[in-house]
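Report on one structure; see the data block that follows.
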Amino acid sequence: DTSADMWSMACMVFELVTGDLLFDPHEGEGYDRDEDHLAQFMELLGRIPRAIALSGRYSLELFSRRGELRNIRRLKFWDLTSVLVEKYRMAKEDAAELAAFLTPMLDFDTAKRATAQTMLAHPWLHPGGAKGRALAEAAAAKAAGGGAGGGGGGGGEG
């Protein structure tokens with residue numbers, strides 16, 4: 001099962017794009033770091049389905065029987081596209097495309113979470129469709145020292 005790797009991948013891509021951690025939990029008055037971490041997940045992604053919230057070994061320490069956090073009552077929901085636009089000043093279209101790429105890797109249900117194979121075909125990785133893929137492949141070949149563009153001309157870095 002690589003679903004945890006996909007969650008981590010989404011967090012790393014977010015960090016590479018923004019320079020910030022996607023989730024940065026802290027202990028607070030009346031709640032611990034783990035509960036803050038869960039609250040941050042829910043604020044960004046929506047409530048954790050009750051069946052998932054209550055399925056863990058320590059679930060009843062963190063969640064009520066209704067699947068609500070025990071010690072953090074007021075959540076401030078802020079979807080990923082809005083975070084990217086409002087906090088990081090990303091263009092709305094770019095933010096929506098990045099959010100569409102990251103969100104399937106952040107599904108609470110590991111059975112529904114995107115796989116690496118499905119994400120490889122995601123349009124965010126292939127800007128410009130076939131043309132964008134061709135340009136990316138040409139750039140990668142050039143960077144590797146072979147292929148398109150004539151071999152780097154000039155024989156040195158500077």
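Ordering of the structure tokens sets the chain letters (A, B, ...); residue numbers start at 1 within each chain; ligands are numbered from 1 in the order shown.
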Discussion item. Report as a list in words all protein, DNA and RNA residues lying within 9 Å of region 56-66 of chain A, evaluated on only C-alpha atoms, omitting residues in the same chain fewer than 4 positions from it.
Written reply: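 Result of the neighbour search: Asp34, Glu35, Leu38, Arg50, Ile52, Arg70 and Asn71 of chain A.
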According to DSSP computed on the backbone, where in chain A is there alpha helix (DSSP H)? Give the residues as a CSV table (one decimal) with N, CA and C atoms, in the first residue's frame.
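As a result, states38.csv now contains:
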```
chain,number,residue,atom,x,y,z
A,3,SER,N,-0.4,4.4,-0.3
A,3,SER,CA,-1.3,5.6,-0.1
A,3,SER,C,-0.7,6.6,0.8
A,4,ALA,N,0.1,6.2,1.8
A,4,ALA,CA,0.8,7.2,2.6
A,4,ALA,C,1.8,8.0,1.8
A,5,ASP,N,2.5,7.3,0.9
A,5,ASP,CA,3.5,8.0,0.1
A,5,ASP,C,2.8,9.0,-0.8
A,6,MET,N,1.6,8.8,-1.3
A,6,MET,CA,0.9,9.7,-2.1
A,6,MET,C,0.5,11.0,-1.3
A,7,TRP,N,0.1,10.7,-0.1
A,7,TRP,CA,-0.2,11.9,0.8
A,7,TRP,C,1.1,12.7,1.0
A,8,SER,N,2.2,12.1,1.3
A,8,SER,CA,3.4,12.8,1.4
A,8,SER,C,3.9,13.5,0.2
A,9,MET,N,3.6,12.9,-1.0
A,9,MET,CA,4.0,13.5,-2.3
A,9,MET,C,3.2,14.8,-2.4
A,10,ALA,N,1.9,14.8,-2.1
A,10,ALA,CA,1.1,16.0,-2.2
A,10,ALA,C,1.7,17.1,-1.3
A,11,CYS,N,2.1,16.7,-0.1
A,11,CYS,CA,2.6,17.7,0.8
A,11,CYS,C,4.0,18.3,0.3
A,12,MET,N,4.8,17.4,-0.3
A,12,MET,CA,6.1,17.9,-0.8
A,12,MET,C,5.9,18.8,-2.0
A,13,VAL,N,5.0,18.5,-2.9
A,13,VAL,CA,4.7,19.3,-4.0
A,13,VAL,C,4.3,20.7,-3.6
A,14,PHE,N,3.3,20.7,-2.6
A,14,PHE,CA,2.9,22.0,-2.1
A,14,PHE,C,4.1,22.8,-1.5
A,15,GLU,N,4.9,22.1,-0.8
A,15,GLU,CA,6.1,22.8,-0.2
A,15,GLU,C,7.0,23.3,-1.3
A,16,LEU,N,7.2,22.5,-2.3
A,16,LEU,CA,8.1,23.0,-3.4
A,16,LEU,C,7.5,24.2,-4.1
A,17,VAL,N,6.2,24.3,-4.3
A,17,VAL,CA,5.6,25.4,-5.0
A,17,VAL,C,5.5,26.6,-4.1
A,18,THR,N,5.2,26.4,-2.8
A,18,THR,CA,4.9,27.6,-2.0
A,18,THR,C,6.1,28.0,-1.0
A,33,ARG,N,-0.5,18.3,19.7
A,33,ARG,CA,-0.1,18.5,18.3
A,33,ARG,C,-0.9,17.6,17.3
A,34,ASP,N,-1.1,16.3,17.8
A,34,ASP,CA,-1.9,15.4,16.9
A,34,ASP,C,-3.3,15.9,16.6
A,35,GLU,N,-3.9,16.4,17.6
A,35,GLU,CA,-5.3,16.9,17.4
A,35,GLU,C,-5.3,18.2,16.5
A,36,ASP,N,-4.3,19.0,16.6
A,36,ASP,CA,-4.1,20.2,15.8
A,36,ASP,C,-3.9,19.7,14.3
A,37,HIS,N,-3.1,18.7,14.2
A,37,HIS,CA,-2.8,18.1,12.8
A,37,HIS,C,-4.1,17.7,12.2
A,38,LEU,N,-4.9,16.9,12.9
A,38,LEU,CA,-6.2,16.5,12.4
A,38,LEU,C,-7.1,17.7,12.0
A,39,ALA,N,-7.1,18.7,12.9
A,39,ALA,CA,-7.9,19.9,12.6
A,39,ALA,C,-7.5,20.6,11.4
A,40,GLN,N,-6.2,20.6,11.1
A,40,GLN,CA,-5.6,21.3,9.9
A,40,GLN,C,-6.1,20.5,8.7
A,41,PHE,N,-6.0,19.1,8.8
A,41,PHE,CA,-6.5,18.3,7.7
A,41,PHE,C,-7.9,18.7,7.3
A,42,MET,N,-8.8,18.7,8.4
A,42,MET,CA,-10.2,18.9,8.1
A,42,MET,C,-10.5,20.4,7.6
A,43,GLU,N,-9.8,21.3,8.1
A,43,GLU,CA,-10.0,22.7,7.7
A,43,GLU,C,-9.7,22.9,6.2
A,44,LEU,N,-8.7,22.1,5.7
A,44,LEU,CA,-8.3,22.2,4.3
A,44,LEU,C,-9.2,21.3,3.4
A,45,LEU,N,-9.5,20.1,3.9
A,45,LEU,CA,-10.0,19.0,3.1
A,45,LEU,C,-11.5,18.6,3.4
A,50,ARG,N,-16.8,9.8,9.4
A,50,ARG,CA,-16.9,9.3,10.7
A,50,ARG,C,-16.3,7.8,10.8
A,51,ALA,N,-16.6,7.0,9.8
A,51,ALA,CA,-16.1,5.7,9.8
A,51,ALA,C,-14.6,5.6,9.8
A,52,ILE,N,-14.0,6.6,9.1
A,52,ILE,CA,-12.5,6.7,9.1
A,52,ILE,C,-12.0,7.3,10.4
A,53,ALA,N,-12.6,8.3,10.9
A,53,ALA,CA,-12.2,8.9,12.1
A,53,ALA,C,-12.2,8.0,13.3
A,59,SER,N,-8.5,6.5,18.1
A,59,SER,CA,-9.5,7.3,17.7
A,59,SER,C,-10.4,7.9,18.8
A,60,LEU,N,-10.7,7.1,19.8
A,60,LEU,CA,-11.6,7.6,20.9
A,60,LEU,C,-10.9,8.6,21.8
A,61,GLU,N,-9.5,8.7,21.7
A,61,GLU,CA,-8.8,9.7,22.5
A,61,GLU,C,-8.9,11.0,21.8
A,62,LEU,N,-9.1,11.0,20.5
A,62,LEU,CA,-9.1,12.2,19.6
A,62,LEU,C,-10.4,12.7,19.2
A,80,LEU,N,-8.2,24.5,-0.6
A,80,LEU,CA,-6.9,24.6,-1.1
A,80,LEU,C,-6.7,25.7,-2.2
A,81,THR,N,-7.7,25.7,-3.1
A,81,THR,CA,-7.6,26.8,-4.1
A,81,THR,C,-7.6,28.2,-3.5
A,82,SER,N,-8.5,28.4,-2.5
A,82,SER,CA,-8.5,29.7,-1.9
A,82,SER,C,-7.2,30.0,-1.1
A,83,VAL,N,-6.7,29.0,-0.5
A,83,VAL,CA,-5.4,29.2,0.2
A,83,VAL,C,-4.3,29.6,-0.8
A,84,LEU,N,-4.3,29.0,-1.9
A,84,LEU,CA,-3.2,29.3,-2.9
A,84,LEU,C,-3.4,30.7,-3.5
A,85,VAL,N,-4.7,31.1,-3.7
A,85,VAL,CA,-5.0,32.4,-4.3
A,85,VAL,C,-4.8,33.5,-3.2
A,86,GLU,N,-5.4,33.3,-2.0
A,86,GLU,CA,-5.4,34.3,-1.0
A,86,GLU,C,-4.1,34.5,-0.2
A,92,LYS,N,-5.9,32.5,-10.0
A,92,LYS,CA,-7.0,31.6,-9.7
A,92,LYS,C,-6.9,30.3,-10.6
A,93,GLU,N,-6.7,30.4,-11.9
A,93,GLU,CA,-6.6,29.3,-12.8
A,93,GLU,C,-5.5,28.4,-12.4
A,94,ASP,N,-4.3,28.9,-12.1
A,94,ASP,CA,-3.1,28.1,-11.7
A,94,ASP,C,-3.4,27.4,-10.3
A,95,ALA,N,-4.0,28.2,-9.4
A,95,ALA,CA,-4.4,27.6,-8.1
A,95,ALA,C,-5.3,26.4,-8.3
A,96,ALA,N,-6.3,26.6,-9.1
A,96,ALA,CA,-7.3,25.5,-9.3
A,96,ALA,C,-6.7,24.3,-9.9
A,97,GLU,N,-5.7,24.5,-10.9
A,97,GLU,CA,-5.1,23.4,-11.5
A,97,GLU,C,-4.2,22.7,-10.5
A,98,LEU,N,-3.4,23.4,-9.7
A,98,LEU,CA,-2.6,22.8,-8.7
A,98,LEU,C,-3.4,22.0,-7.6
A,99,ALA,N,-4.5,22.7,-7.2
A,99,ALA,CA,-5.4,22.0,-6.2
A,99,ALA,C,-6.0,20.7,-6.8
A,100,ALA,N,-6.4,20.8,-8.1
A,100,ALA,CA,-6.9,19.6,-8.7
A,100,ALA,C,-5.9,18.5,-8.8
A,101,PHE,N,-4.6,18.8,-8.8
A,101,PHE,CA,-3.5,17.8,-8.8
A,101,PHE,C,-3.3,17.3,-7.4
A,102,LEU,N,-3.3,18.1,-6.4
A,102,LEU,CA,-3.0,17.7,-5.1
A,102,LEU,C,-4.1,17.0,-4.4
A,116,ALA,N,0.2,6.6,-7.8
A,116,ALA,CA,1.3,7.2,-8.6
A,116,ALA,C,1.0,7.0,-10.1
A,117,GLN,N,0.5,5.9,-10.5
A,117,GLN,CA,0.2,5.6,-11.9
A,117,GLN,C,-0.9,6.6,-12.4
A,118,THR,N,-2.0,6.8,-11.6
A,118,THR,CA,-3.0,7.7,-12.1
A,118,THR,C,-2.5,9.1,-12.1
A,119,MET,N,-1.7,9.5,-11.2
A,119,MET,CA,-1.2,10.9,-11.1
A,119,MET,C,-0.2,11.2,-12.2
A,120,LEU,N,0.5,10.2,-12.8
A,120,LEU,CA,1.4,10.4,-13.9
A,120,LEU,C,0.7,11.0,-15.1
A,129,GLY,N,-0.7,20.1,-22.8
A,129,GLY,CA,-1.1,18.8,-23.5
A,129,GLY,C,0.1,18.2,-24.2
A,130,ALA,N,-0.1,17.7,-25.4
A,130,ALA,CA,0.9,16.9,-26.1
A,130,ALA,C,2.1,17.9,-26.4
A,131,LYS,N,1.8,19.1,-26.8
A,131,LYS,CA,2.9,20.1,-27.0
A,131,LYS,C,3.7,20.3,-25.8
A,132,GLY,N,3.0,20.5,-24.7
A,132,GLY,CA,3.8,20.7,-23.4
A,132,GLY,C,4.6,19.5,-23.0
A,133,ARG,N,4.1,18.3,-23.3
A,133,ARG,CA,4.9,17.1,-23.0
A,133,ARG,C,6.1,17.0,-23.9
A,134,ALA,N,5.9,17.4,-25.2
A,134,ALA,CA,7.1,17.3,-26.1
A,134,ALA,C,8.1,18.4,-25.7
A,135,LEU,N,7.7,19.5,-25.3
A,135,LEU,CA,8.7,20.6,-24.8
A,135,LEU,C,9.4,20.1,-23.6
A,136,ALA,N,8.6,19.5,-22.6
A,136,ALA,CA,9.2,19.0,-21.4
A,136,ALA,C,10.2,17.9,-21.7
A,137,GLU,N,9.9,17.0,-22.6
A,137,GLU,CA,10.8,15.9,-22.9
A,137,GLU,C,12.1,16.5,-23.6
A,138,ALA,N,11.9,17.4,-24.5
A,138,ALA,CA,13.1,18.1,-25.2
A,138,ALA,C,14.0,18.7,-24.1
A,139,ALA,N,13.4,19.5,-23.2
A,139,ALA,CA,14.1,20.1,-22.2
A,139,ALA,C,14.9,19.1,-21.3
A,140,ALA,N,14.2,18.0,-20.9
A,140,ALA,CA,14.8,17.0,-20.1
A,140,ALA,C,16.0,16.4,-20.9
A,141,ALA,N,15.8,16.1,-22.2
A,141,ALA,CA,16.9,15.5,-23.0
A,141,ALA,C,18.1,16.4,-23.1
A,142,LYS,N,17.8,17.7,-23.2
A,142,LYS,CA,18.9,18.7,-23.3
A,142,LYS,C,19.6,18.8,-22.0
A,143,ALA,N,18.9,18.8,-20.9
A,143,ALA,CA,19.5,18.9,-19.6
A,143,ALA,C,20.3,17.7,-19.3
```
Discussion item. Ranking A:Gly46, A:Ile72, A:Asp79, A:Asp107 by minimum distance to Gly28 (chain A) and counting only C-alpha atoms, which one comes first?
Written reply: A:Ile72
Worksheet item: Residues of chain A in strand (DSSP E or B) according to DSSP, as a PyMOL selection string?
Response: chain A and resi 28+31+63+69
Show which residues sit within 9 Å of Phe108 (chain A), as a PDB file with N, CA and C atoms, in the first residue's frame. Count only C-alpha atoms, and ignore same-chain residues fewer than 2 positions away.
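Result file follows (around_28.pdb):
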```pdb
ATOM      1  N   LEU A  45      -9.466  20.065   3.912  1.00  0.00           N
ATOM      2  CA  LEU A  45     -10.034  19.007   3.076  1.00  0.00           C
ATOM      3  C   LEU A  45     -11.474  18.642   3.402  1.00  0.00           C
ATOM      4  N   ILE A  48     -13.395  14.634   8.297  1.00  0.00           N
ATOM      5  CA  ILE A  48     -12.996  13.241   8.109  1.00  0.00           C
ATOM      6  C   ILE A  48     -14.259  12.393   8.242  1.00  0.00           C
ATOM      7  N   PRO A  49     -14.523  11.510   7.290  1.00  0.00           N
ATOM      8  CA  PRO A  49     -15.701  10.652   7.419  1.00  0.00           C
ATOM      9  C   PRO A  49     -15.671   9.902   8.759  1.00  0.00           C
ATOM     10  N   ILE A  52     -13.951   6.587   9.135  1.00  0.00           N
ATOM     11  CA  ILE A  52     -12.485   6.671   9.102  1.00  0.00           C
ATOM     12  C   ILE A  52     -11.973   7.251  10.415  1.00  0.00           C
ATOM     13  N   MET A 105      -4.585  13.136  -4.068  1.00  0.00           N
ATOM     14  CA  MET A 105      -3.560  12.468  -3.263  1.00  0.00           C
ATOM     15  C   MET A 105      -3.806  12.665  -1.775  1.00  0.00           C
ATOM     16  N   LEU A 106      -4.787  13.514  -1.436  1.00  0.00           N
ATOM     17  CA  LEU A 106      -5.079  13.841  -0.041  1.00  0.00           C
ATOM     18  C   LEU A 106      -6.453  13.331   0.400  1.00  0.00           C
ATOM     19  N   THR A 110      -8.046   5.873   2.096  1.00  0.00           N
ATOM     20  CA  THR A 110      -6.860   5.383   1.386  1.00  0.00           C
ATOM     21  C   THR A 110      -7.227   4.549   0.161  1.00  0.00           C
ATOM     22  N   ALA A 111      -8.384   3.914   0.176  1.00  0.00           N
ATOM     23  CA  ALA A 111      -8.815   3.126  -0.975  1.00  0.00           C
ATOM     24  C   ALA A 111      -9.170   4.018  -2.164  1.00  0.00           C
ATOM     25  N   LYS A 112      -9.551   5.271  -1.880  1.00  0.00           N
ATOM     26  CA  LYS A 112      -9.918   6.205  -2.947  1.00  0.00           C
ATOM     27  C   LYS A 112      -8.771   7.147  -3.312  1.00  0.00           C
ATOM     28  N   ARG A 113      -7.722   7.162  -2.508  1.00  0.00           N
ATOM     29  CA  ARG A 113      -6.598   8.068  -2.750  1.00  0.00           C
ATOM     30  C   ARG A 113      -5.922   7.709  -4.070  1.00  0.00           C
TER      31      ARG A 113
END
```
Worksheet item: At what distance in Å, to one decimal, does CA of Gly67 (chain A) lie from CA of Ser55 (chain A)?
Response: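 Separating CA of Ser55 (chain A) from CA of Gly67 (chain A) is a distance of 10.0 Å.
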Discussion item. Between CA of Lys87 (chain A) and CA of Leu22 (chain A), what distance in Å does the model show, to one decimal?
Written reply: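 CA of Lys87 (chain A) sits 12.1 Å away from CA of Leu22 (chain A).
Here CA of Trp78 (chain A) stands at a distance of 12.8 Å from CA of Phe23 (chain A).
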